[in-house]
$ cat my_file07.cif   # mmCIF, C-alpha atoms
data_coords
loop_
_atom_site.label_atom_id
_atom_site.label_comp_id
_atom_site.auth_asym_id
_atom_site.auth_seq_id
_atom_site.Cartn_x
_atom_site.Cartn_y
_atom_site.Cartn_z
CA MET E 1 -12.76 -83.35 -144.81
CA LYS E 2 -13.27 -82.73 -148.52
CA PRO E 3 -16.90 -82.79 -149.66
CA PRO E 4 -17.99 -85.96 -151.45
CA GLN E 5 -18.58 -83.99 -154.63
CA ASP E 6 -17.12 -80.91 -156.29
CA ILE E 7 -19.23 -78.10 -154.86
CA ASP E 8 -18.67 -74.59 -153.57
CA SER E 9 -16.19 -74.38 -150.68
CA LEU E 10 -18.45 -72.53 -148.24
CA PHE E 11 -18.49 -75.49 -145.83
CA GLU E 12 -14.69 -75.58 -145.88
CA GLU E 13 -14.72 -71.85 -145.11
CA PHE E 14 -17.07 -72.62 -142.23
CA VAL E 15 -14.58 -75.17 -140.86
CA GLN E 16 -11.71 -72.67 -141.21
CA GLU E 17 -13.53 -70.26 -138.87
CA LEU E 18 -13.67 -72.93 -136.16
CA PRO E 19 -10.78 -73.43 -133.69
CA ALA E 20 -7.78 -74.97 -135.45
CA ASP E 21 -7.88 -77.85 -132.97
CA TYR E 22 -11.62 -78.51 -133.30
CA GLU E 23 -10.96 -82.17 -134.12
CA ALA E 24 -8.72 -82.59 -131.07
CA LEU E 25 -11.41 -80.91 -128.93
CA ALA E 26 -13.96 -83.46 -130.19
CA HIS E 27 -11.73 -86.27 -128.91
CA GLU E 28 -10.89 -84.42 -125.68
CA PHE E 29 -14.56 -83.91 -124.77
CA LYS E 30 -15.47 -87.43 -125.97
CA ALA E 31 -17.86 -86.15 -128.61
CA PHE E 32 -16.09 -88.43 -131.11
CA VAL E 33 -14.76 -91.69 -129.69
CA ARG E 34 -14.46 -94.05 -132.66
CA ALA E 35 -15.40 -94.11 -136.33
CA ARG E 36 -18.47 -96.11 -137.28
CA LYS E 37 -21.36 -94.75 -139.35
CA ILE E 38 -20.09 -91.30 -138.30
CA ARG E 39 -16.70 -91.78 -139.93
CA SER E 40 -14.88 -88.61 -138.87
CA VAL E 41 -15.11 -85.48 -136.72
CA ALA E 42 -16.08 -83.54 -139.84
CA HIS E 43 -19.03 -85.91 -140.36
CA LEU E 44 -20.05 -85.34 -136.73
CA LEU E 45 -19.82 -81.57 -137.21
CA HIS E 46 -22.02 -81.90 -140.27
CA LEU E 47 -24.58 -83.82 -138.20
CA VAL E 48 -24.57 -81.08 -135.53
CA LEU E 49 -25.12 -78.40 -138.17
CA LEU E 50 -28.01 -80.33 -139.73
CA TYR E 51 -29.77 -80.51 -136.38
CA CYS E 52 -28.85 -77.11 -134.92
CA GLY E 53 -28.32 -74.98 -138.02
CA LEU E 54 -30.88 -76.38 -140.46
CA ASP E 55 -33.42 -77.52 -137.83
CA LEU E 56 -33.78 -81.03 -139.22
CA SER E 57 -35.47 -83.53 -136.92
CA LEU E 58 -33.54 -86.46 -135.49
CA ARG E 59 -35.10 -88.73 -138.11
CA GLY E 60 -34.41 -86.17 -140.84
CA CYS E 61 -30.73 -86.05 -139.80
CA ALA E 62 -30.56 -89.85 -139.84
CA ALA E 63 -32.07 -90.05 -143.33
CA GLN E 64 -29.80 -87.29 -144.63
CA LEU E 65 -26.68 -89.24 -143.65
CA ALA E 66 -28.19 -92.59 -144.62
CA GLN E 67 -28.44 -91.43 -148.25
CA SER E 68 -24.67 -91.78 -148.57
CA GLN E 69 -23.45 -93.56 -145.44
CA GLY E 70 -25.95 -96.35 -144.85
CA TYR E 71 -28.61 -96.92 -142.21
CA LEU E 72 -28.55 -94.77 -139.08
CA SER E 73 -31.41 -94.66 -136.58
CA ASP E 74 -32.79 -91.50 -135.00
CA THR E 75 -31.90 -92.96 -131.59
CA ALA E 76 -28.26 -93.25 -132.66
CA VAL E 77 -28.35 -89.65 -133.89
CA LYS E 78 -29.78 -88.51 -130.54
CA GLN E 79 -27.02 -90.28 -128.59
CA ARG E 80 -24.28 -88.81 -130.74
CA LEU E 81 -25.70 -85.28 -130.54
CA GLU E 82 -26.12 -85.42 -126.75
CA ALA E 83 -22.43 -86.27 -126.42
CA CYS E 84 -21.52 -83.08 -128.33
CA VAL E 85 -22.66 -80.52 -125.72
CA PRO E 86 -19.23 -79.88 -124.07
CA TRP E 87 -17.57 -79.84 -127.51
CA ALA E 88 -20.02 -77.23 -128.86
CA LYS E 89 -19.51 -75.04 -125.76
CA ALA E 90 -15.72 -75.20 -126.11
CA MET E 91 -15.81 -74.30 -129.81
CA LEU E 92 -18.17 -71.37 -129.16
CA ILE E 93 -15.81 -69.91 -126.55
CA GLU E 94 -12.92 -70.11 -129.02
CA VAL E 95 -14.91 -68.65 -131.93
CA PHE E 96 -15.87 -65.63 -129.80
CA GLY E 97 -12.22 -65.32 -128.69
CA LEU E 98 -13.21 -65.10 -125.02
CA ARG E 99 -9.92 -66.62 -123.87
CA THR E 100 -7.98 -63.73 -125.36
CA VAL E 101 -7.64 -60.68 -123.13
CA VAL E 102 -6.84 -57.52 -125.05
CA GLU E 103 -5.25 -54.68 -123.11
CA SER E 104 -5.31 -51.94 -125.73
CA GLY E 105 -6.56 -49.10 -123.55
CA GLN E 106 -9.13 -48.19 -126.20
CA LEU E 107 -12.83 -47.71 -125.68
CA ARG E 108 -14.95 -50.63 -126.89
CA PHE E 109 -18.69 -50.01 -126.97
CA ILE E 110 -20.70 -53.15 -126.20
CA VAL E 111 -24.47 -53.36 -125.96
CA ILE E 112 -25.88 -56.07 -123.71
CA ASP E 113 -29.37 -57.50 -123.49
CA GLY E 114 -31.22 -60.75 -122.96
CA SER E 115 -33.88 -62.82 -124.67
CA THR E 116 -35.88 -65.93 -123.89
CA VAL E 117 -36.49 -69.30 -125.52
CA GLN E 118 -39.41 -71.61 -124.81
CA VAL E 119 -39.68 -75.36 -125.30
CA PRO E 120 -42.81 -76.67 -127.07
CA GLY E 121 -45.92 -76.29 -124.93
CA ALA E 122 -44.25 -74.04 -122.35
CA THR E 123 -46.27 -71.12 -121.00
CA GLY E 124 -43.24 -69.28 -119.63
CA THR E 125 -39.50 -68.93 -120.11
CA SER E 126 -37.47 -72.12 -120.53
CA TYR E 127 -34.00 -70.67 -121.21
CA ARG E 128 -32.43 -67.21 -121.24
CA LEU E 129 -29.92 -65.94 -123.78
CA HIS E 130 -27.48 -63.32 -122.51
CA ILE E 131 -26.20 -61.43 -125.55
CA ALA E 132 -23.31 -58.98 -125.98
CA LEU E 133 -22.97 -57.11 -129.27
CA ASP E 134 -20.02 -55.07 -130.53
CA LEU E 135 -21.72 -51.74 -131.17
CA VAL E 136 -19.25 -50.56 -133.81
CA ALA E 137 -18.93 -53.69 -135.95
CA LEU E 138 -22.46 -54.95 -135.12
CA THR E 139 -21.07 -58.44 -134.52
CA LEU E 140 -21.83 -60.89 -131.74
CA ARG E 141 -19.20 -60.66 -129.02
CA GLN E 142 -20.61 -63.23 -126.63
CA VAL E 143 -23.80 -65.22 -126.01
CA GLU E 144 -24.42 -67.24 -122.85
CA VAL E 145 -27.24 -69.69 -122.19
CA SER E 146 -28.82 -70.05 -118.75
CA THR E 147 -31.96 -71.49 -117.22
CA ASP E 148 -35.02 -69.39 -116.48
CA LYS E 149 -33.88 -69.16 -112.83
CA VAL E 150 -30.88 -66.97 -113.71
CA GLY E 151 -31.50 -63.24 -114.09
CA GLU E 152 -29.68 -60.45 -115.92
CA SER E 153 -26.24 -59.51 -114.63
CA LEU E 154 -22.90 -58.27 -115.97
CA ASP E 155 -21.34 -61.31 -114.31
CA HIS E 156 -22.40 -63.43 -117.31
CA TYR E 157 -19.98 -61.65 -119.63
CA VAL E 158 -16.25 -61.58 -120.27
CA LEU E 159 -15.59 -57.84 -120.01
CA GLN E 160 -12.29 -55.98 -119.98
CA GLU E 161 -10.79 -52.70 -118.93
CA GLY E 162 -11.85 -50.11 -121.48
CA ASP E 163 -15.23 -51.69 -122.26
CA VAL E 164 -18.24 -49.37 -122.21
CA VAL E 165 -21.46 -51.37 -121.90
CA LEU E 166 -24.93 -50.10 -122.81
CA ILE E 167 -27.61 -51.84 -120.75
CA ASP E 168 -31.28 -51.41 -119.90
CA ARG E 169 -33.14 -50.99 -116.61
CA GLY E 170 -32.83 -54.68 -115.73
CA TYR E 171 -29.19 -54.09 -114.84
CA ASN E 172 -29.78 -51.50 -112.09
CA GLN E 173 -27.73 -53.64 -109.69
CA PRO E 174 -24.93 -51.95 -107.69
CA LYS E 175 -23.47 -55.36 -106.75
CA SER E 176 -22.85 -55.99 -110.47
CA LEU E 177 -22.09 -52.45 -111.69
CA VAL E 178 -19.61 -51.38 -108.99
CA PRO E 179 -17.11 -54.27 -109.39
CA PHE E 180 -17.10 -53.83 -113.18
CA ILE E 181 -16.48 -50.07 -112.95
CA ASP E 182 -13.78 -50.74 -110.35
CA ARG E 183 -11.99 -52.96 -112.88
CA GLY E 184 -11.76 -50.07 -115.36
CA GLY E 185 -14.99 -50.52 -117.29
CA ASP E 186 -17.78 -48.02 -117.83
CA VAL E 187 -21.55 -48.32 -118.04
CA VAL E 188 -24.37 -46.46 -119.74
CA VAL E 189 -27.59 -47.75 -118.19
CA ARG E 190 -31.22 -46.66 -118.32
CA TYR E 191 -31.73 -45.61 -114.72
CA ASN E 192 -34.69 -46.79 -112.70
CA ALA E 193 -35.04 -44.22 -109.94
CA GLN E 194 -37.20 -46.59 -107.89
CA GLY E 195 -34.93 -49.60 -108.31
CA MET E 196 -31.44 -48.32 -107.39
CA ASN E 197 -30.45 -45.63 -104.91
CA LEU E 198 -28.02 -42.89 -105.87
CA TYR E 199 -26.61 -40.19 -103.59
CA ARG E 200 -25.64 -36.52 -103.75
CA GLN E 201 -21.98 -35.72 -104.31
CA ASP E 202 -21.54 -33.77 -101.10
CA GLU E 203 -20.51 -34.39 -97.50
CA ALA E 204 -24.03 -35.33 -96.44
CA MET E 205 -24.39 -37.91 -99.25
CA GLU E 206 -28.17 -37.81 -98.99
CA LYS E 207 -30.24 -40.14 -101.10
CA ILE E 208 -31.52 -38.14 -104.05
CA ASP E 209 -35.22 -37.30 -104.16
CA TRP E 210 -35.62 -37.54 -107.91
CA PRO E 211 -38.99 -35.79 -108.40
CA LYS E 212 -37.68 -32.85 -106.35
CA ARG E 213 -34.30 -32.83 -108.10
CA LEU E 214 -35.80 -32.98 -111.61
CA ARG E 215 -38.19 -30.12 -110.91
CA GLU E 216 -35.12 -27.97 -110.30
CA LEU E 217 -34.20 -28.48 -113.98
CA ASP E 218 -37.38 -26.66 -114.96
CA GLY E 219 -38.11 -28.97 -117.90
CA HIS E 220 -34.61 -28.78 -119.40
CA ALA E 221 -32.08 -31.56 -119.92
CA GLY E 222 -29.22 -31.69 -117.45
CA ALA E 223 -26.33 -33.71 -116.04
CA ILE E 224 -26.62 -34.51 -112.33
CA PRO E 225 -23.46 -35.70 -110.49
CA VAL E 226 -24.13 -38.66 -108.18
CA TYR E 227 -22.48 -41.34 -106.08
CA LEU E 228 -23.10 -45.04 -106.69
CA CYS E 229 -22.44 -47.09 -103.57
CA HIS E 230 -22.08 -50.77 -102.76
CA ASP E 231 -20.62 -52.16 -99.52
CA GLN E 232 -17.60 -49.95 -98.80
CA HIS E 233 -17.23 -48.72 -102.38
CA ARG E 234 -18.31 -45.26 -103.52
CA LEU E 235 -18.01 -44.36 -107.20
CA GLU E 236 -18.64 -41.10 -108.98
CA GLY E 237 -21.13 -41.05 -111.81
CA THR E 238 -23.61 -38.88 -113.66
CA VAL E 239 -27.32 -39.13 -114.31
CA HIS E 240 -28.27 -37.47 -117.59
CA ALA E 241 -31.89 -36.34 -117.33
CA ILE E 242 -33.70 -35.81 -120.65
CA PRO E 243 -37.35 -34.68 -120.69
CA LEU E 244 -39.66 -36.47 -123.11
CA PRO E 245 -41.67 -34.44 -125.64
CA PRO E 246 -45.20 -33.70 -124.33
CA GLU E 247 -46.93 -36.33 -126.51
CA LYS E 248 -44.45 -39.07 -125.57
CA ALA E 249 -44.61 -38.09 -121.89
CA ALA E 250 -48.41 -38.38 -121.98
CA GLU E 251 -48.14 -41.83 -123.57
CA ALA E 252 -45.62 -42.93 -120.93
CA ARG E 253 -47.90 -41.76 -118.12
CA ARG E 254 -50.81 -43.63 -119.69
CA ARG E 255 -48.79 -46.87 -119.68
CA VAL E 256 -47.88 -46.36 -116.01
CA GLN E 257 -51.55 -45.91 -115.15
CA GLN E 258 -52.52 -49.03 -117.11
CA ARG E 259 -49.94 -51.16 -115.30
CA ALA E 260 -51.11 -49.87 -111.94
CA CYS E 261 -54.75 -50.51 -112.86
CA LYS E 262 -53.97 -54.13 -113.77
CA LYS E 263 -52.52 -54.57 -110.27
CA GLY E 264 -55.64 -53.10 -108.70
CA ARG E 265 -54.12 -49.86 -107.44
CA ARG E 266 -53.63 -46.23 -108.44
CA ALA E 267 -50.38 -45.00 -109.97
CA ARG E 268 -48.23 -42.99 -107.57
CA ALA E 269 -47.66 -39.33 -108.30
CA ALA E 270 -43.86 -39.82 -108.27
CA SER E 271 -44.12 -42.61 -110.85
CA LEU E 272 -46.28 -40.48 -113.12
CA PHE E 273 -43.84 -37.59 -112.88
CA LEU E 274 -40.73 -39.71 -113.50
CA SER E 275 -42.31 -41.37 -116.54
CA GLY E 276 -41.97 -38.06 -118.35
CA TRP E 277 -38.17 -38.25 -118.17
CA VAL E 278 -35.43 -40.44 -119.61
CA LEU E 279 -32.78 -40.96 -116.93
CA ILE E 280 -29.45 -42.47 -117.96
CA PHE E 281 -26.77 -43.28 -115.40
CA THR E 282 -23.18 -43.46 -116.65
CA SER E 283 -19.69 -43.63 -115.23
CA VAL E 284 -18.28 -41.97 -118.38
CA PRO E 285 -17.17 -38.42 -117.44
CA VAL E 286 -19.25 -35.52 -118.76
CA THR E 287 -16.05 -34.08 -120.24
CA LEU E 288 -15.97 -37.04 -122.65
CA LEU E 289 -19.67 -37.44 -123.47
CA ASP E 290 -22.24 -34.77 -122.64
CA THR E 291 -25.97 -35.24 -122.14
CA ALA E 292 -26.86 -34.96 -125.82
CA ALA E 293 -24.18 -37.51 -126.79
CA ILE E 294 -25.23 -39.97 -124.08
CA GLY E 295 -28.89 -39.67 -125.14
CA SER E 296 -28.02 -40.38 -128.78
CA LEU E 297 -25.69 -43.23 -127.81
CA TYR E 298 -28.35 -44.95 -125.75
CA GLN E 299 -30.78 -44.85 -128.67
CA VAL E 300 -28.32 -46.96 -130.67
CA ARG E 301 -28.85 -49.74 -128.09
CA TRP E 302 -31.73 -50.80 -130.35
CA GLN E 303 -29.16 -52.64 -132.49
CA VAL E 304 -29.07 -55.51 -130.00
CA GLU E 305 -32.83 -55.95 -130.42
CA LEU E 306 -32.25 -56.29 -134.17
CA ALA E 307 -29.53 -58.87 -133.50
CA ILE E 308 -31.96 -60.90 -131.37
CA LYS E 309 -34.59 -60.64 -134.10
CA LYS E 310 -31.99 -61.86 -136.60
CA LEU E 311 -31.26 -64.93 -134.46
CA LYS E 312 -34.96 -65.73 -134.19
CA SER E 313 -36.20 -64.79 -137.66
CA LEU E 314 -33.31 -65.92 -139.86
CA LEU E 315 -31.86 -68.77 -137.78
CA ASP E 316 -34.96 -69.84 -135.81
CA ILE E 317 -33.17 -70.11 -132.48
CA ASP E 318 -36.57 -70.09 -130.77
CA ARG E 319 -37.67 -73.30 -132.55
CA LEU E 320 -36.35 -75.46 -129.73
CA ARG E 321 -37.96 -78.91 -129.94
CA ALA E 322 -36.27 -80.85 -127.11
CA ARG E 323 -37.42 -81.13 -123.49
CA LYS E 324 -36.30 -78.51 -120.99
CA ASP E 325 -33.06 -79.33 -119.14
CA SER E 326 -32.26 -82.16 -121.58
CA PRO E 327 -28.78 -82.50 -123.17
CA LEU E 328 -30.44 -82.23 -126.59
CA ALA E 329 -31.94 -78.83 -125.72
CA GLU E 330 -28.56 -77.59 -124.51
CA LEU E 331 -26.85 -78.89 -127.65
CA TYR E 332 -29.44 -77.20 -129.86
CA LEU E 333 -28.94 -73.78 -128.25
CA TYR E 334 -25.12 -73.88 -128.16
CA GLY E 335 -24.96 -75.44 -131.62
CA LYS E 336 -27.28 -72.78 -133.03
CA LEU E 337 -25.16 -70.02 -131.46
CA LEU E 338 -21.99 -71.59 -132.90
CA TYR E 339 -23.69 -71.70 -136.31
CA ALA E 340 -24.67 -68.02 -135.97
CA ALA E 341 -21.20 -66.90 -134.81
CA VAL E 342 -19.43 -68.63 -137.69
CA LEU E 343 -22.05 -67.48 -140.19
CA GLU E 344 -21.34 -63.91 -139.10
CA LYS E 345 -17.63 -64.43 -139.80
CA LEU E 346 -18.43 -65.88 -143.22
CA VAL E 347 -20.47 -62.78 -144.06
CA ALA E 348 -17.51 -60.57 -143.11
CA ARG E 349 -15.10 -62.76 -145.07
CA ARG E 350 -17.20 -62.66 -148.25
CA PHE E 351 -18.53 -59.10 -148.16
CA GLY E 352 -16.32 -57.23 -145.69
CA SER E 353 -17.76 -54.70 -143.27
CA ASP E 354 -17.77 -51.63 -145.48
CA GLY E 355 -21.12 -49.88 -145.27
CA CYS E 356 -22.45 -52.01 -142.40
CA GLU E 357 -20.58 -50.70 -139.35
CA LEU E 358 -21.90 -47.85 -137.20
CA SER E 359 -18.56 -46.05 -137.39
CA GLY E 360 -19.33 -44.56 -140.82
CA PRO E 361 -22.07 -43.97 -143.42
CA ARG E 362 -24.20 -47.10 -143.80
CA ARG E 363 -25.43 -48.39 -147.15
CA GLN E 364 -27.11 -51.56 -145.93
CA THR E 365 -27.79 -53.63 -142.84
CA PRO E 366 -26.19 -57.06 -142.28
CA TRP E 367 -29.66 -58.66 -142.45
CA ARG E 368 -29.79 -59.51 -146.17
CA LEU E 369 -26.12 -60.48 -146.24
CA TRP E 370 -26.79 -62.98 -143.45
CA GLN E 371 -29.77 -64.33 -145.37
CA LEU E 372 -27.74 -64.69 -148.57
CA VAL E 373 -24.89 -66.62 -146.94
CA ALA E 374 -27.26 -68.67 -144.74
CA ASN E 375 -29.18 -69.85 -147.82
CA ALA E 376 -25.95 -70.80 -149.61
CA LEU E 377 -24.66 -72.68 -146.57
CA ARG E 378 -27.97 -74.49 -146.14
CA SER E 379 -27.89 -75.66 -149.76
CA GLN E 380 -24.35 -76.94 -149.40
CA LEU E 381 -24.98 -78.77 -146.14
CA VAL E 382 -27.91 -80.59 -147.73
CA ALA E 383 -25.82 -81.42 -150.81
CA MET E 384 -22.86 -82.77 -148.83
CA PHE E 385 -24.30 -86.30 -148.80
CA PRO E 386 -26.24 -86.90 -152.05
CA LEU E 387 -28.69 -89.77 -152.46
CA ARG E 388 -26.98 -92.90 -153.77
CA LYS E 389 -29.04 -95.69 -155.30
CA ALA E 390 -27.23 -98.29 -153.20
CA HIS E 391 -28.49 -96.65 -150.01
CA ILE E 392 -32.13 -95.95 -150.92
CA ASP E 393 -33.39 -98.80 -148.74
CA GLU E 394 -31.25 -97.63 -145.78
CA CYS E 395 -32.58 -94.08 -146.22
CA LEU E 396 -36.19 -95.33 -146.21
CA LYS E 397 -35.44 -97.45 -143.14
CA SER E 398 -34.12 -94.39 -141.30
CA LEU E 399 -37.37 -92.56 -142.07
CA ARG E 400 -39.71 -95.32 -140.90
CA GLU E 401 -42.07 -94.75 -138.01
CA ARG E 402 -41.34 -96.53 -134.75
CA PRO E 403 -43.68 -99.35 -133.72
CA ARG E 404 -46.74 -97.86 -132.06
CA LYS E 405 -50.12 -98.92 -130.69
CA ARG E 406 -52.08 -97.17 -133.42
CA PRO E 407 -50.73 -98.17 -136.85
CA LEU E 408 -50.70 -95.81 -139.81
CA GLN E 409 -54.02 -95.68 -141.60
CA THR E 410 -54.71 -97.90 -144.62
CA LEU E 411 -57.82 -98.52 -146.71
CA PRO E 412 -60.41 -100.92 -145.19
CA VAL E 413 -60.01 -104.58 -146.23
CA PRO E 414 -63.39 -104.68 -148.15
CA VAL E 415 -62.27 -101.69 -150.21
CA LEU E 416 -58.95 -103.32 -151.01
CA GLU E 417 -60.71 -106.55 -152.02
CA LEU E 418 -63.06 -104.57 -154.25
CA LEU E 419 -60.12 -102.86 -155.95
CA GLN E 420 -58.42 -106.23 -156.53
CA ARG E 421 -61.57 -107.74 -158.10
CA CYS E 422 -61.92 -104.74 -160.36
CA ARG E 423 -58.32 -105.05 -161.50
CA ARG E 424 -58.82 -108.73 -162.35
CA LEU E 425 -61.97 -107.93 -164.33
CA GLY E 426 -60.36 -104.89 -165.93
CA VAL E 427 -63.16 -102.53 -164.93
CA SER E 428 -63.32 -99.32 -162.94
CA ALA E 429 -64.32 -99.50 -159.24
CA VAL E 430 -66.96 -96.81 -159.75
#

$ encode --input "my_file07.cif" --output "structure tokens"
Amino acid sequence: MKPPQDIDSLFEEFVQELPADYEALAHEFKAFVRARKIRSVAHLLHLVLLYCGLDLSLRGCAAQLAQSQGYLSDTAVKQRLEACVPWAKAMLIEVFGLRTVVESGQLRFIVIDGSTVQVPGATGTSYRLHIALDLVALTLRQVEVSTDKVGESLDHYVLQEGDVVLIDRGYNQPKSLVPFIDRGGDVVVRYNAQGMNLYRQDEAMEKIDWPKRLRELDGHAGAIPVYLCHDQHRLEGTVHAIPLPPEKAAEARRRVQQRACKKGRRARAASLFLSGWVLIFTSVPVTLLDTAAIGSLYQVRWQVELAIKKLKSLLDIDRLRARKDSPLAELYLYGKLLYAAVLEKLVARRFGSDGCELSGPRRQTPWRLWQLVANALRSQLVAMFPLRKAHIDECLKSLRERPRKRPLQTLPVPVLELLQRCRRLGVSAV
């Protein structure tokens, strides 16, 4: 669809980053059935972006379209948006390229983490976002949405042979790690010695006593060969043990004591000792990455936290307004992620990746580039349907309040009568 007026082509660029068959997908998933006030699939896409990308209310979306298209109620907007959930999911999968399996044999470093979203008034988690970030290009590789009942697991992600994933302590799950490593992947995970058992690489295969084993290092960093086991599988791996500096170790022990105190108990001696170490389990051989390299690599995992902050601060993904488990809430989350994924591609198209990737010297972060393109796209989306004099009444009708028990406030009748008398007499009311 060509914009109604001659403006910058950023929206057309946005459409070009979508699947080539995005219109056919809208018909296939019954998001667009017939043309009425929403005259085309492109108009429907624009409506989705107004709600999910620009965070307009249902009534605001209706009024925006009514300026050029004629009257549209917020109820009609809600019904059309709810029908778009499968369509938005399908487009997001295609934009991320998750249907394409690449067998290049090259290492791909991916950092994985999760975040939460709450509906208005919620005291706990409403939805979880499971996020995978390409650690070299600093681009979103995949984002999945789940309910608060679903925990962290590698099973959420489309991973391939040759992928090396960086994950935190929440992923200390042999049932998830072992199948992935068996398929040719590798992991670098912050090891929780009290949450996942590892075993000595010897005939006895005894469970490792970590306080005892770390004392043998005499305060120095070291690589400890281990076995990771699940069912009948036994995989070789390494735990890289890195002692914290004295001041950071003391701070870590203080936090352990505080957590124990809140639970009404004393911190265990083993917990206090282990808090002075950073333990990182990996299936990557020591001959490829030694302890110093693994320690530095894991520190770069912070980039996924910045990506989450970008989604929340720049794109307001945590401003969910719909009820939990409603189609509108699902559409908002998937639509917002689609908006973010395409926006990221627009940034790369306009500015390239030079100076932003972690594979070379960096001159800037993607943050301000995102903000620049997001502001330009927002302006164009608002300008797509300008106010036409012929539709002013329809626009006002779309913005009207629904009938309700308590009407909007007006001046008391005696005051209105006083004002009318004063006007007739041509004098001031006071």

$ atom_distance --input "my_file07.cif" --atom1 "atom CA of E:Gly184" --atom2 "atom CA of E:Leu98"
17.9 Å

$ residues_around --input "my_file07.cif" --residues "E:Ala42" --least-positions-apart "4" --cutoff "9 Å" --atoms "only C-alpha atoms" --output "VMD selection string"
chain E and resid 1 15 23 38 46 to 47

$ resolve_selection --input "my_file07.cif" --expression "the PyMOL selection byres ((chain E and resi 363-378) around 8)" --output "VMD selection string"
chain E and resid 10 to 11 54 310 314 343 to 344 346 to 347 351 355 to 356 361 to 362 379 to 382

$ resolve_selection --input "my_file07.cif" --expression "the PyMOL selection byres ((chain E and resi 296-300) around 9)" --output "list of chain:residue names"
E:Val111, E:Leu135, E:Leu166, E:Ile167, E:Val188, E:Val189, E:Arg190, E:Ile280, E:Thr291, E:Ala292, E:Ala293, E:Ile294, E:Gly295, E:Arg301, E:Trp302, E:Gln303, E:Val304

$ atom_distance --input "my_file07.cif" --atom1 "atom CA of E:Gly237" --atom2 "atom CA of E:Gln173"
14.4 Å

$ closest_residue --input "my_file07.cif" --among "E:Ser40, E:Asp209, E:Arg349, E:Trp87" --to "E:Gln69" --atoms "all atoms listed in the file"
E:Ser40

$ atom_distance --input "my_file07.cif" --atom1 "atom CA of E:Ser153" --atom2 "atom CA of E:Gln232"
20.4 Å

$ resolve_selection --input "my_file07.cif" --expression "the PyMOL selection byres ((chain E and resi 198) around 9)" --output "list in words"
Ala193, Met196, Asn197, Tyr199, Arg200, Glu206, Lys207, Ile208, Val226, Tyr227, Leu228 and Cys229 of chain E

$ residues_around --input "my_file07.cif" --residues "stretch 119-122 of chain E" --least-positions-apart "6" --cutoff "7 Å" --atoms "all atoms listed in the file" --output "ChimeraX atom specification"
/E:320-324

$ closest_residue --input "my_file07.cif" --among "E:Ile392, E:Ala241, E:Val256, E:Ala137" --to "E:Leu65" --atoms "only C-alpha atoms"
E:Ile392

$ residues_around --input "my_file07.cif" --residues "E:Asp148" --least-positions-apart "5" --cutoff "10 Å" --atoms "all atoms listed in the file" --output "list in words"
Thr116, Val117, Gln118, Gly124, Thr125, Ser126, Tyr127, Arg128 and Leu129 of chain E

$ residues_around --input "my_file07.cif" --residues "E:Asp393" --least-positions-apart "5" --cutoff "10 Å" --atoms "only C-alpha atoms" --output "compact mmCIF listing (two decimals) with C-alpha atoms, in the frame of the given file"
# COMPACT_ATOMS: atom_id res chain seq x y z
CA ALA E 66 -28.19 -92.59 -144.62
CA GLN E 67 -28.44 -91.43 -148.25
CA GLY E 70 -25.95 -96.35 -144.85
CA TYR E 71 -28.61 -96.92 -142.21
CA SER E 398 -34.12 -94.39 -141.30
CA LEU E 399 -37.37 -92.56 -142.07

$ closest_residue --input "my_file07.cif" --among "E:Ala348, E:Val136, E:Leu18, E:Leu279" --to "E:Asp168" --atoms "all atoms listed in the file"
E:Leu279

$ residues_around --input "my_file07.cif" --residues "E:Arg59" --least-positions-apart "2" --cutoff "12 Å" --atoms "only C-alpha atoms" --output "list in words"
Leu47, Leu50, Tyr51, Asp55, Leu56, Ser57, Cys61, Ala62, Ala63, Gln64, Leu65, Ala66, Tyr71, Leu72, Ser73, Asp74, Thr75, Ala76, Val77, Lys78, Cys395, Leu396, Lys397, Ser398, Leu399, Arg400, Glu401 and Arg402 of chain E

$ decode --input "my_file07.cif" --residues "stretch 204-220 of chain E" --atoms "C-alpha atoms" --output "tab-separated table (two decimals), in the first residue's frame"
chain	number	residue	atom	x	y	z
E	204	ALA	CA	34.50	-43.91	40.67
E	205	MET	CA	32.53	-40.95	39.26
E	206	GLU	CA	31.96	-39.54	42.73
E	207	LYS	CA	29.81	-36.49	43.17
E	208	ILE	CA	32.14	-33.53	43.59
E	209	ASP	CA	32.36	-31.92	47.02
E	210	TRP	CA	32.84	-28.37	45.82
E	211	PRO	CA	34.07	-26.68	49.02
E	212	LYS	CA	36.70	-29.42	49.37
E	213	ARG	CA	37.64	-29.33	45.68
E	214	LEU	CA	37.98	-25.53	45.57
E	215	ARG	CA	40.20	-25.45	48.65
E	216	GLU	CA	42.65	-27.58	46.67
E	217	LEU	CA	43.06	-24.64	44.26
E	218	ASP	CA	44.51	-22.59	47.13
E	219	GLY	CA	42.76	-19.38	46.05
E	220	HIS	CA	43.83	-19.58	42.39
